[in-house]
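Listing of model.pdb, PDB, C-alpha atoms
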ATOM      1  CA  MET A   1     -68.562 268.654 -27.005
ATOM      2  CA  ILE A   2     -71.235 266.509 -25.324
ATOM      3  CA  ILE A   3     -73.691 267.150 -28.163
ATOM      4  CA  SER A   4     -71.246 266.134 -30.884
ATOM      5  CA  VAL A   5     -70.271 262.976 -29.018
ATOM      6  CA  ARG A   6     -73.898 262.002 -28.576
ATOM      7  CA  VAL A   7     -74.681 262.547 -32.244
ATOM      8  CA  ILE A   8     -71.737 260.390 -33.332
ATOM      9  CA  PHE A   9     -72.586 257.514 -31.023
ATOM     10  CA  LEU A  10     -76.317 257.669 -31.683
ATOM     11  CA  SER A  11     -75.599 257.413 -35.397
ATOM     12  CA  ILE A  12     -73.702 254.193 -34.658
ATOM     13  CA  ILE A  13     -76.681 252.826 -32.738
ATOM     14  CA  ALA A  14     -79.033 253.830 -35.566
ATOM     15  CA  LEU A  15     -76.853 251.925 -38.023
ATOM     16  CA  LEU A  16     -76.779 248.873 -35.763
ATOM     17  CA  SER A  17     -80.573 248.996 -35.512
ATOM     18  CA  PHE A  18     -80.834 249.105 -39.307
ATOM     19  CA  LEU A  19     -78.572 246.092 -39.549
ATOM     20  CA  GLY A  20     -80.617 244.183 -37.000
ATOM     21  CA  PHE A  21     -78.208 244.278 -34.067
ATOM     22  CA  VAL A  22     -80.658 246.057 -31.758
ATOM     23  CA  SER A  23     -83.396 243.729 -30.576
ATOM     24  CA  SER A  24     -87.127 244.238 -30.454
ATOM     25  CA  PHE A  25     -86.635 245.783 -27.024
ATOM     26  CA  SER A  26     -85.545 248.952 -28.864
ATOM     27  CA  THR A  27     -89.182 250.101 -28.697
ATOM     28  CA  GLN A  28     -88.734 250.315 -24.915
ATOM     29  CA  ILE A  29     -85.525 252.327 -24.811
ATOM     30  CA  ALA A  30     -85.376 255.069 -22.194
ATOM     31  CA  PRO A  31     -85.634 258.638 -23.478
ATOM     32  CA  GLU A  32     -82.416 260.611 -23.528
ATOM     33  CA  THR A  33     -81.684 262.319 -20.224
ATOM     34  CA  THR A  34     -82.129 266.081 -20.128
ATOM     35  CA  ALA A  35     -79.737 268.684 -18.758
ATOM     36  CA  ILE A  36     -82.206 269.456 -15.970
ATOM     37  CA  GLN A  37     -82.517 265.790 -15.055
ATOM     38  CA  ARG A  38     -78.740 265.416 -14.860
ATOM     39  CA  GLN A  39     -78.458 268.548 -12.736
ATOM     40  CA  ARG A  40     -81.024 267.228 -10.280
ATOM     41  CA  VAL A  41     -79.258 263.891  -9.944
ATOM     42  CA  LYS A  42     -75.909 265.652  -9.636
ATOM     43  CA  LYS A  43     -77.308 267.792  -6.824
ATOM     44  CA  VAL A  44     -78.176 264.674  -4.828
ATOM     45  CA  LEU A  45     -74.783 263.105  -5.533
ATOM     46  CA  ASP A  46     -73.026 266.301  -4.457
ATOM     47  CA  GLU A  47     -74.810 266.173  -1.092
ATOM     48  CA  VAL A  48     -73.222 262.795  -0.419
ATOM     49  CA  TYR A  49     -69.932 262.621  -2.332
ATOM     50  CA  GLY A  50     -68.985 266.296  -2.405
ATOM     51  CA  THR A  51     -69.139 268.991  -5.059
ATOM     52  CA  ASP A  52     -66.461 268.791  -7.763
ATOM     53  CA  ASN A  53     -63.098 270.126  -6.527
ATOM     54  CA  SER A  54     -64.461 270.904  -3.058
ATOM     55  CA  ASP A  55     -62.427 269.962   0.037
ATOM     56  CA  GLN A  56     -64.808 267.057   0.700
ATOM     57  CA  TRP A  57     -64.480 265.839  -2.897
ATOM     58  CA  ASN A  58     -60.674 266.095  -2.905
ATOM     59  CA  GLN A  59     -60.305 264.397   0.473
ATOM     60  CA  ARG A  60     -62.574 261.528  -0.545
ATOM     61  CA  ARG A  61     -60.606 260.865  -3.714
ATOM     62  CA  SER A  62     -57.252 261.229  -1.967
ATOM     63  CA  GLU A  63     -58.244 258.629   0.625
ATOM     64  CA  ALA A  64     -59.551 256.321  -2.112
ATOM     65  CA  ARG A  65     -56.175 256.363  -3.838
ATOM     66  CA  SER A  66     -54.505 255.041  -0.688
ATOM     67  CA  PHE A  67     -56.834 252.071  -0.270
ATOM     68  CA  GLY A  68     -55.509 248.642  -1.199
ATOM     69  CA  LYS A  69     -51.924 249.765  -1.771
ATOM     70  CA  GLU A  70     -50.492 247.470   0.899
ATOM     71  CA  ASP A  71     -53.032 244.675   0.664
ATOM     72  CA  GLU A  72     -51.031 241.829  -0.848
ATOM     73  CA  SER A  73     -54.016 239.487  -0.642
ATOM     74  CA  LEU A  74     -55.614 241.340  -3.576
ATOM     75  CA  ASN A  75     -52.914 240.058  -5.951
ATOM     76  CA  ILE A  76     -53.606 242.983  -8.285
ATOM     77  CA  PRO A  77     -50.961 245.092 -10.087
ATOM     78  CA  GLN A  78     -50.555 248.538  -8.544
ATOM     79  CA  HIS A  79     -51.585 250.347 -11.731
ATOM     80  CA  GLU A  80     -54.991 248.684 -11.490
ATOM     81  CA  LEU A  81     -55.512 250.175  -8.026
ATOM     82  CA  VAL A  82     -55.169 253.820  -9.073
ATOM     83  CA  TYR A  83     -58.493 255.493  -8.296
ATOM     84  CA  GLY A  84     -60.351 257.467 -10.957
ATOM     85  CA  GLU A  85     -63.949 258.488 -11.708
ATOM     86  CA  LEU A  86     -65.845 258.758 -14.969
ATOM     87  CA  GLY A  87     -68.316 261.476 -13.981
ATOM     88  CA  LEU A  88     -72.100 261.650 -14.282
ATOM     89  CA  ASP A  89     -72.257 263.632 -17.547
ATOM     90  CA  ALA A  90     -69.884 261.227 -19.287
ATOM     91  CA  LEU A  91     -71.839 258.223 -17.976
ATOM     92  CA  ALA A  92     -75.167 259.662 -19.135
ATOM     93  CA  THR A  93     -73.727 260.495 -22.559
ATOM     94  CA  ILE A  94     -72.517 256.918 -23.014
ATOM     95  CA  ILE A  95     -75.645 255.194 -21.700
ATOM     96  CA  ASP A  96     -78.020 257.511 -23.568
ATOM     97  CA  ALA A  97     -76.180 256.669 -26.759
ATOM     98  CA  VAL A  98     -76.169 252.918 -26.168
ATOM     99  CA  GLY A  99     -79.774 252.999 -24.980
ATOM    100  CA  VAL A 100     -81.177 251.758 -21.677
ATOM    101  CA  ARG A 101     -83.802 249.096 -22.297
ATOM    102  CA  LYS A 102     -86.716 248.309 -20.042
ATOM    103  CA  GLY A 103     -85.539 245.739 -17.496
ATOM    104  CA  ASP A 104     -81.801 246.246 -18.053
ATOM    105  CA  HIS A 105     -79.350 245.137 -15.364
ATOM    106  CA  PHE A 106     -76.568 247.733 -15.197
ATOM    107  CA  LEU A 107     -73.141 246.841 -13.815
ATOM    108  CA  ASP A 108     -70.175 249.063 -12.973
ATOM    109  CA  ILE A 109     -66.990 246.973 -12.955
ATOM    110  CA  GLY A 110     -64.600 248.562 -10.469
ATOM    111  CA  ALA A 111     -67.273 250.648  -8.760
ATOM    112  CA  GLY A 112     -65.105 252.484  -6.237
ATOM    113  CA  ASP A 113     -67.327 254.712  -4.092
ATOM    114  CA  GLY A 114     -70.380 253.668  -6.109
ATOM    115  CA  ILE A 115     -71.109 257.013  -7.751
ATOM    116  CA  LEU A 116     -71.898 255.544 -11.175
ATOM    117  CA  VAL A 117     -74.078 252.855  -9.615
ATOM    118  CA  THR A 118     -76.257 255.297  -7.707
ATOM    119  CA  GLY A 119     -76.062 257.834 -10.534
ATOM    120  CA  ALA A 120     -77.327 255.375 -13.152
ATOM    121  CA  SER A 121     -80.001 254.176 -10.756
ATOM    122  CA  MET A 122     -81.350 257.712 -10.298
ATOM    123  CA  LEU A 123     -81.107 258.623 -13.992
ATOM    124  CA  TYR A 124     -83.085 255.609 -15.223
ATOM    125  CA  PRO A 125     -85.269 254.382 -12.313
ATOM    126  CA  GLU A 126     -88.192 253.396 -14.533
ATOM    127  CA  PHE A 127     -86.088 251.394 -16.979
ATOM    128  CA  LEU A 128     -83.289 249.779 -14.988
ATOM    129  CA  GLU A 129     -84.320 246.708 -13.056
ATOM    130  CA  ALA A 130     -81.000 246.697 -11.240
ATOM    131  CA  SER A 131     -77.926 248.882 -10.859
ATOM    132  CA  VAL A 132     -75.001 247.014  -9.348
ATOM    133  CA  GLY A 133     -71.378 247.795  -8.620
ATOM    134  CA  VAL A 134     -68.517 245.366  -8.062
ATOM    135  CA  GLU A 135     -65.389 246.529  -6.236
ATOM    136  CA  ILE A 136     -62.321 244.463  -5.380
ATOM    137  CA  VAL A 137     -60.777 246.697  -2.673
ATOM    138  CA  PRO A 138     -62.403 245.960   0.730
ATOM    139  CA  ASP A 139     -61.898 249.455   2.182
ATOM    140  CA  LEU A 140     -63.466 251.079  -0.877
ATOM    141  CA  TYR A 141     -66.358 248.640  -0.808
ATOM    142  CA  GLU A 142     -67.076 249.289   2.878
ATOM    143  CA  ARG A 143     -66.972 253.030   2.304
ATOM    144  CA  SER A 144     -69.275 252.757  -0.714
ATOM    145  CA  LEU A 145     -71.913 251.121   1.492
ATOM    146  CA  ASP A 146     -71.741 254.098   3.825
ATOM    147  CA  PHE A 147     -72.145 256.508   0.910
ATOM    148  CA  GLN A 148     -75.118 254.528  -0.403
ATOM    149  CA  SER A 149     -76.766 254.653   3.020
ATOM    150  CA  ARG A 150     -76.226 258.408   3.214
ATOM    151  CA  LEU A 151     -77.623 258.860  -0.297
ATOM    152  CA  GLU A 152     -80.743 256.878   0.544
ATOM    153  CA  GLY A 153     -81.132 259.102   3.592
ATOM    154  CA  ALA A 154     -80.766 262.221   1.451
ATOM    155  CA  LEU A 155     -83.452 260.973  -0.937
ATOM    156  CA  GLY A 156     -85.746 260.401   2.009
ATOM    157  CA  THR A 157     -85.681 264.017   3.158
ATOM    158  CA  GLU A 158     -88.632 266.257   2.393
ATOM    159  CA  GLU A 159     -86.345 268.809   0.708
ATOM    160  CA  SER A 160     -84.884 266.257  -1.700
ATOM    161  CA  GLU A 161     -88.274 264.815  -2.626
ATOM    162  CA  GLN A 162     -89.746 268.220  -3.387
ATOM    163  CA  ASP A 163     -86.683 269.574  -5.170
ATOM    164  CA  THR A 164     -85.660 266.629  -7.335
ATOM    165  CA  ASN A 165     -88.418 263.992  -7.413
ATOM    166  CA  ILE A 166     -85.515 261.553  -7.760
ATOM    167  CA  ARG A 167     -85.608 257.898  -6.745
ATOM    168  CA  LEU A 168     -83.510 254.764  -7.142
ATOM    169  CA  CYS A 169     -84.324 251.847  -9.438
ATOM    170  CA  PRO A 170     -85.821 248.685  -7.842
ATOM    171  CA  GLN A 171     -82.452 247.068  -7.052
ATOM    172  CA  THR A 172     -79.424 249.221  -6.276
ATOM    173  CA  SER A 173     -76.565 247.332  -4.667
ATOM    174  CA  LEU A 174     -72.814 247.159  -4.191
ATOM    175  CA  ARG A 175     -70.787 243.980  -4.028
ATOM    176  CA  LEU A 176     -67.272 243.079  -2.915
ATOM    177  CA  GLY A 177     -65.677 240.721  -5.414
ATOM    178  CA  ASN A 178     -63.022 239.885  -7.971
ATOM    179  CA  CYS A 179     -64.155 239.187 -11.523
ATOM    180  CA  TYR A 180     -60.973 237.158 -12.062
ATOM    181  CA  GLU A 181     -61.813 234.881  -9.138
ATOM    182  CA  PRO A 182     -65.615 235.083  -8.805
ATOM    183  CA  ASP A 183     -67.700 233.196  -6.290
ATOM    184  CA  ASP A 184     -71.100 231.809  -7.250
ATOM    185  CA  GLU A 185     -72.962 234.970  -6.243
ATOM    186  CA  LEU A 186     -70.693 237.149  -8.365
ATOM    187  CA  LYS A 187     -71.002 234.789 -11.331
ATOM    188  CA  GLU A 188     -74.767 235.162 -11.112
ATOM    189  CA  ILE A 189     -74.466 238.968 -11.110
ATOM    190  CA  PHE A 190     -72.421 238.901 -14.310
ATOM    191  CA  ALA A 191     -74.753 236.325 -15.861
ATOM    192  CA  LYS A 192     -77.716 238.691 -15.364
ATOM    193  CA  THR A 193     -75.935 241.804 -16.605
ATOM    194  CA  THR A 194     -77.254 243.330 -19.821
ATOM    195  CA  LEU A 195     -75.372 246.656 -19.766
ATOM    196  CA  ALA A 196     -71.940 247.136 -18.208
ATOM    197  CA  VAL A 197     -69.402 249.932 -17.949
ATOM    198  CA  CYS A 198     -65.732 249.612 -17.079
ATOM    199  CA  PHE A 199     -63.712 252.781 -16.478
ATOM    200  CA  ALA A 200     -60.383 251.178 -17.369
ATOM    201  CA  THR A 201     -58.187 254.250 -17.767
ATOM    202  CA  THR A 202     -56.018 253.444 -14.770
ATOM    203  CA  TRP A 203     -56.064 249.711 -15.442
ATOM    204  CA  SER A 204     -54.719 250.077 -18.950
ATOM    205  CA  HIS A 205     -52.361 253.042 -18.517
ATOM    206  CA  ASP A 206     -49.119 251.042 -18.675
ATOM    207  CA  ILE A 207     -50.332 248.277 -20.995
ATOM    208  CA  PRO A 208     -49.279 248.369 -24.674
ATOM    209  CA  GLY A 209     -52.299 249.186 -26.797
ATOM    210  CA  ARG A 210     -54.392 249.423 -23.615
ATOM    211  CA  LYS A 211     -55.368 245.780 -24.133
ATOM    212  CA  LEU A 212     -57.304 244.322 -21.200
ATOM    213  CA  GLU A 213     -56.381 240.696 -21.828
ATOM    214  CA  ASN A 214     -57.403 239.355 -18.418
ATOM    215  CA  LEU A 215     -60.668 241.274 -18.204
ATOM    216  CA  SER A 216     -61.596 240.316 -21.762
ATOM    217  CA  LYS A 217     -60.997 236.652 -20.988
ATOM    218  CA  ALA A 218     -62.902 236.793 -17.687
ATOM    219  CA  LEU A 219     -66.012 238.392 -19.210
ATOM    220  CA  GLY A 220     -65.837 236.563 -22.524
ATOM    221  CA  SER A 221     -66.914 233.151 -23.739
ATOM    222  CA  ASN A 222     -66.294 230.450 -21.129
ATOM    223  CA  GLY A 223     -64.742 233.008 -18.777
ATOM    224  CA  GLY A 224     -65.188 232.866 -15.019
ATOM    225  CA  SER A 225     -67.431 235.954 -15.077
ATOM    226  CA  GLU A 226     -68.934 235.454 -18.519
ATOM    227  CA  LEU A 227     -71.493 238.007 -19.668
ATOM    228  CA  PRO A 228     -74.645 236.673 -21.346
ATOM    229  CA  SER A 229     -75.234 236.786 -25.083
ATOM    230  CA  GLY A 230     -76.465 240.211 -26.149
ATOM    231  CA  ALA A 231     -74.987 242.033 -23.166
ATOM    232  CA  ARG A 232     -73.467 245.399 -24.037
ATOM    233  CA  LEU A 233     -70.142 246.379 -22.497
ATOM    234  CA  VAL A 234     -68.555 249.810 -22.702
ATOM    235  CA  THR A 235     -64.888 250.101 -21.793
ATOM    236  CA  ILE A 236     -63.344 253.508 -21.268
ATOM    237  CA  ASP A 237     -59.698 253.606 -22.398
ATOM    238  CA  GLY A 238     -59.457 249.845 -22.568
ATOM    239  CA  VAL A 239     -59.482 247.368 -25.469
ATOM    240  CA  LEU A 240     -60.882 243.832 -25.387
ATOM    241  CA  ASP A 241     -59.589 240.902 -27.391
ATOM    242  CA  HIS A 242     -63.045 240.713 -28.920
ATOM    243  CA  GLU A 243     -62.344 238.159 -31.622
ATOM    244  CA  ARG A 244     -60.789 235.697 -29.182
ATOM    245  CA  ASP A 245     -63.331 236.140 -26.389
ATOM    246  CA  GLY A 246     -66.632 236.260 -28.261
ATOM    247  CA  PHE A 247     -67.434 239.973 -28.447
ATOM    248  CA  GLU A 248     -68.594 242.049 -31.384
ATOM    249  CA  PHE A 249     -66.891 245.446 -31.590
ATOM    250  CA  GLU A 250     -69.583 248.024 -32.411
ATOM    251  CA  GLY A 251     -67.798 251.382 -32.389
ATOM    252  CA  GLU A 252     -65.990 254.009 -30.344
ATOM    253  CA  LEU A 253     -66.209 257.673 -29.419
ATOM    254  CA  LYS A 254     -64.209 260.412 -27.765
ATOM    255  CA  LEU A 255     -65.645 261.992 -24.661
ATOM    256  CA  TYR A 256     -64.578 264.475 -22.018
ATOM    257  CA  CYS A 257     -63.697 263.096 -18.603
ATOM    258  CA  PRO A 258     -62.085 265.237 -15.859
ATOM    259  CA  ASP A 259     -59.748 262.435 -14.755
ATOM    260  CA  THR A 260     -58.420 261.764 -18.266
ATOM    261  CA  ALA A 261     -58.144 265.196 -19.877
ATOM    262  CA  PRO A 262     -58.246 266.112 -22.666
ATOM    263  CA  PHE A 263     -60.450 263.124 -23.566
ATOM    264  CA  SER A 264     -61.104 259.402 -23.246
ATOM    265  CA  ILE A 265     -62.092 256.728 -25.744
ATOM    266  CA  ALA A 266     -65.233 254.723 -25.025
ATOM    267  CA  ARG A 267     -65.585 251.441 -26.924
ATOM    268  CA  LEU A 268     -68.827 249.516 -27.267
ATOM    269  CA  TYR A 269     -68.854 245.728 -27.448
ATOM    270  CA  THR A 270     -71.737 243.264 -27.648
ATOM    271  CA  LYS A 271     -71.369 239.748 -26.297
ATOM    272  CA  LYS A 272     -72.058 237.198 -29.041
TER     273      LYS A 272
END
Can you give me the file's structure in the form of structure tokens?
Amino acid sequence: MIISVRVIFLSIIALLSFLGFVSSFSTQIAPETTAIQRQRVKKVLDEVYGTDNSDQWNQRRSEARSFGKEDESLNIPQHELVYGELGLDALATIIDAVGVRKGDHFLDIGAGDGILVTGASMLYPEFLEASVGVEIVPDLYERSLDFQSRLEGALGTEESEQDTNIRLCPQTSLRLGNCYEPDDELKEIFAKTTLAVCFATTWSHDIPGRKLENLSKALGSNGGSELPSGARLVTIDGVLDHERDGFEFEGELKLYCPDTAPFSIARLYTKK
């Protein structure tokens, strides 16, 4: 399943390159991650966040789903606060297909515990300049900082260094913020972003057509958290109003994600 998805999406990227949509930086695109590389990164993540379906993993996710439910100050619909995770294999499949360019600034919108942020950072340390996560729920954000600290500690152990040879990219950070009401620091983060992922399955579940009107407006032309021209944004199970908000729709693919069985739809947009 992963192989077929990658072939489909890579063919889209090849077509875009032929048409001139991929810039000259394409000569500095990171090589596709290998199964062994993913396994090594996953091993480090499992030390910190828990192995899939383990008691630690289930407890962490159960607690995450309770965060923010009674925080009226967030002013966010309840369906947008349902916790879900994309998974490392799905993330790597998407990013490999899109292509990580030398110096890219990666952003996870709705970062939760920060797994995708640290995962991307460890998968592409020589190509990503920064891997950043933005989370709106204070309790989740505070917990993600603890997980990041524990992960950095795990990477610093002799066993981890010998077994994985894994490291983080130059800038790996997590930020508390609301892309609908950004402060100046958050605006700067979005303005520097060149590659973003938004796992929008829970956000869009009850919305007709899974249209992310508010997010599209916020990240689009003249939005409060506008992405720069040329930035690539992948939404999982969410649709932007690309014509209205200054995005070019590039293509979509089906991929396996444990939280959205049997599959999810990833859509690639480029900011005009």
>> Which residues would end up in the selection if the PyMOL selection byres ((chain A and resi 39) around 12) were applied here, given that I need the answer as number ranges by chain?
In response: A: 33-38, 40-46, 88-89, 92, 119, 122-123, 163-164, 166
Those selected residues, please, written with C-alpha atoms and delivered as a CSV table (one decimal), in the frame of the given file.
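Heads up, here's the output in part_15.csv:
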chain,number,residue,atom,x,y,z
A,33,THR,CA,-81.7,262.3,-20.2
A,34,THR,CA,-82.1,266.1,-20.1
A,35,ALA,CA,-79.7,268.7,-18.8
A,36,ILE,CA,-82.2,269.5,-16.0
A,37,GLN,CA,-82.5,265.8,-15.1
A,38,ARG,CA,-78.7,265.4,-14.9
A,40,ARG,CA,-81.0,267.2,-10.3
A,41,VAL,CA,-79.3,263.9,-9.9
A,42,LYS,CA,-75.9,265.7,-9.6
A,43,LYS,CA,-77.3,267.8,-6.8
A,44,VAL,CA,-78.2,264.7,-4.8
A,45,LEU,CA,-74.8,263.1,-5.5
A,46,ASP,CA,-73.0,266.3,-4.5
A,88,LEU,CA,-72.1,261.6,-14.3
A,89,ASP,CA,-72.3,263.6,-17.5
A,92,ALA,CA,-75.2,259.7,-19.1
A,119,GLY,CA,-76.1,257.8,-10.5
A,122,MET,CA,-81.4,257.7,-10.3
A,123,LEU,CA,-81.1,258.6,-14.0
A,163,ASP,CA,-86.7,269.6,-5.2
A,164,THR,CA,-85.7,266.6,-7.3
A,166,ILE,CA,-85.5,261.6,-7.8
Find the residue from A:Asp183, A:Asp108, A:Asp245, A:Asp237 that sits nearest to Ser264 of chain A; use all atoms listed in the file when measuring.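 Looking only at the distances to Ser264 of chain A, the closest residue turns out to be A:Asp237.
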Here atom CA of Asp104 of chain A and atom CA of Ala231 of chain A stand apart by 9.5 Å
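Taking atom CA of Val132 of chain A and atom CA of Leu174 of chain A as endpoints, the distance between them is 5.6 Å.
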- Just the residues within 10 Å of Ile265 of chain A, please, counting only C-alpha atoms, with nothing from its chain fewer than 5 positions along; format it as a list in words.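 Contacts, with the query itself left out: Thr201, Val234, Thr235, Ile236, Asp237, Gly238, Val239, Glu252, Leu253, Lys254, Leu255, Tyr256, Cys257 and Thr260 of chain A.
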What is the atom CA of Gln56 of chain A to atom CA of Arg167 of chain A distance in Å?
->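 We find that atom CA of Gln56 of chain A and atom CA of Arg167 of chain A lie 23.9 Å from each other.
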From the list A:Ser62, A:Ser149, A:Ser144, A:Ser221, the nearest residue to Gly112 of chain A using all atoms listed in the file is A:Ser144
Give me, as a VMD selection string, all polymer residues having an atom no more than 12 Å from Arg60 of chain A, counting all atoms listed in the file and skipping those fewer than 2 positions away in the same chain. chain A and resid 48 to 58 62 to 67 83 to 85 112 to 113 140 143 to 144 147
In terms of all atoms listed in the file, the residue from A:Leu212, A:Leu91, A:Val197, A:Ile109 at minimal distance from Val134 of chain A is A:Ile109
For segment 115-122 of chain A, I'd like the enclosing box, axis-aligned and padded by 3 Å on every side, reported as AutoDock Vina command-line options with centre and edge lengths in Å to one decimal.
--center_x -76.2 --center_y 255.3 --center_z -10.4 --size_x 16.2 --size_y 11.0 --size_z 11.4
message = Evaluated on this file, the PyMOL selection byres ((chain A and resi 228) around 9) picks out some residues - which ones are they, written as a list in words?
response =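 When the PyMOL selection byres ((chain A and resi 228) around 9) is applied to the shown file, the picked residues are Phe190, Ala191, Lys192, Thr193, Thr194, Gly220, Ser221, Glu226, Leu227, Ser229, Gly230, Ala231, Lys271 and Lys272 of chain A.
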So that I have them on file, write out the residues from the current selection with C-alpha atoms, as a PDB file, in the coordinates of the input.
ATOM      1  CA  PHE A 190     -72.421 238.901 -14.310  1.00  0.00           C
ATOM      2  CA  ALA A 191     -74.753 236.325 -15.861  1.00  0.00           C
ATOM      3  CA  LYS A 192     -77.716 238.691 -15.364  1.00  0.00           C
ATOM      4  CA  THR A 193     -75.935 241.804 -16.605  1.00  0.00           C
ATOM      5  CA  THR A 194     -77.254 243.330 -19.821  1.00  0.00           C
ATOM      6  CA  GLY A 220     -65.837 236.563 -22.524  1.00  0.00           C
ATOM      7  CA  SER A 221     -66.914 233.151 -23.739  1.00  0.00           C
ATOM      8  CA  GLU A 226     -68.934 235.454 -18.519  1.00  0.00           C
ATOM      9  CA  LEU A 227     -71.493 238.007 -19.668  1.00  0.00           C
ATOM     10  CA  SER A 229     -75.234 236.786 -25.083  1.00  0.00           C
ATOM     11  CA  GLY A 230     -76.465 240.211 -26.149  1.00  0.00           C
ATOM     12  CA  ALA A 231     -74.987 242.033 -23.166  1.00  0.00           C
ATOM     13  CA  LYS A 271     -71.369 239.748 -26.297  1.00  0.00           C
ATOM     14  CA  LYS A 272     -72.058 237.198 -29.041  1.00  0.00           C
TER      15      LYS A 272
END
Residues at most 6 Å from Leu233 of chain A, counting all atoms listed in the file, excluding those fewer than 2 positions away in the same chain, as a PDB file with C-alpha atoms, in the frame of the given file?
ATOM      1  CA  LEU A 195     -75.372 246.656 -19.766  1.00  0.00           C
ATOM      2  CA  ALA A 196     -71.940 247.136 -18.208  1.00  0.00           C
ATOM      3  CA  VAL A 197     -69.402 249.932 -17.949  1.00  0.00           C
ATOM      4  CA  LEU A 268     -68.827 249.516 -27.267  1.00  0.00           C
ATOM      5  CA  TYR A 269     -68.854 245.728 -27.448  1.00  0.00           C
TER       6      TYR A 269
END
Checklist entry - From the set A:Ala266, A:Arg244, A:Pro182, A:Thr118, which residue has the shortest atom-to-atom contact distance to Arg150 of chain A, counting all atoms listed in the file? => result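 Selected residue with least distance to Arg150 of chain A: A:Thr118.
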* Name the residues in contact with Asn178 of chain A at a cut-off of 12 Å, using only C-alpha atoms, excluding same-chain residues fewer than 4 positions from it; report them as JSON, numbers by chain. => {"A": [73, 74, 75, 76, 109, 110, 111, 133, 134, 135, 136, 137, 138, 141, 182, 183, 184, 185, 186, 187, 189, 190, 214, 215, 218, 219, 224, 225]}
Q. Residues picked by the PyMOL selection byres ((chain A and resi 127) around 6) here, as a VMD selection string?
A. chain A and resid 102 to 103 124 to 126 128
Distance criterion (all atoms listed in the file): nearest to Gln171 of chain A out of A:Ala130, A:Leu151, A:Leu145, A:Cys198:
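Nearest to Gln171 of chain A: A:Ala130.
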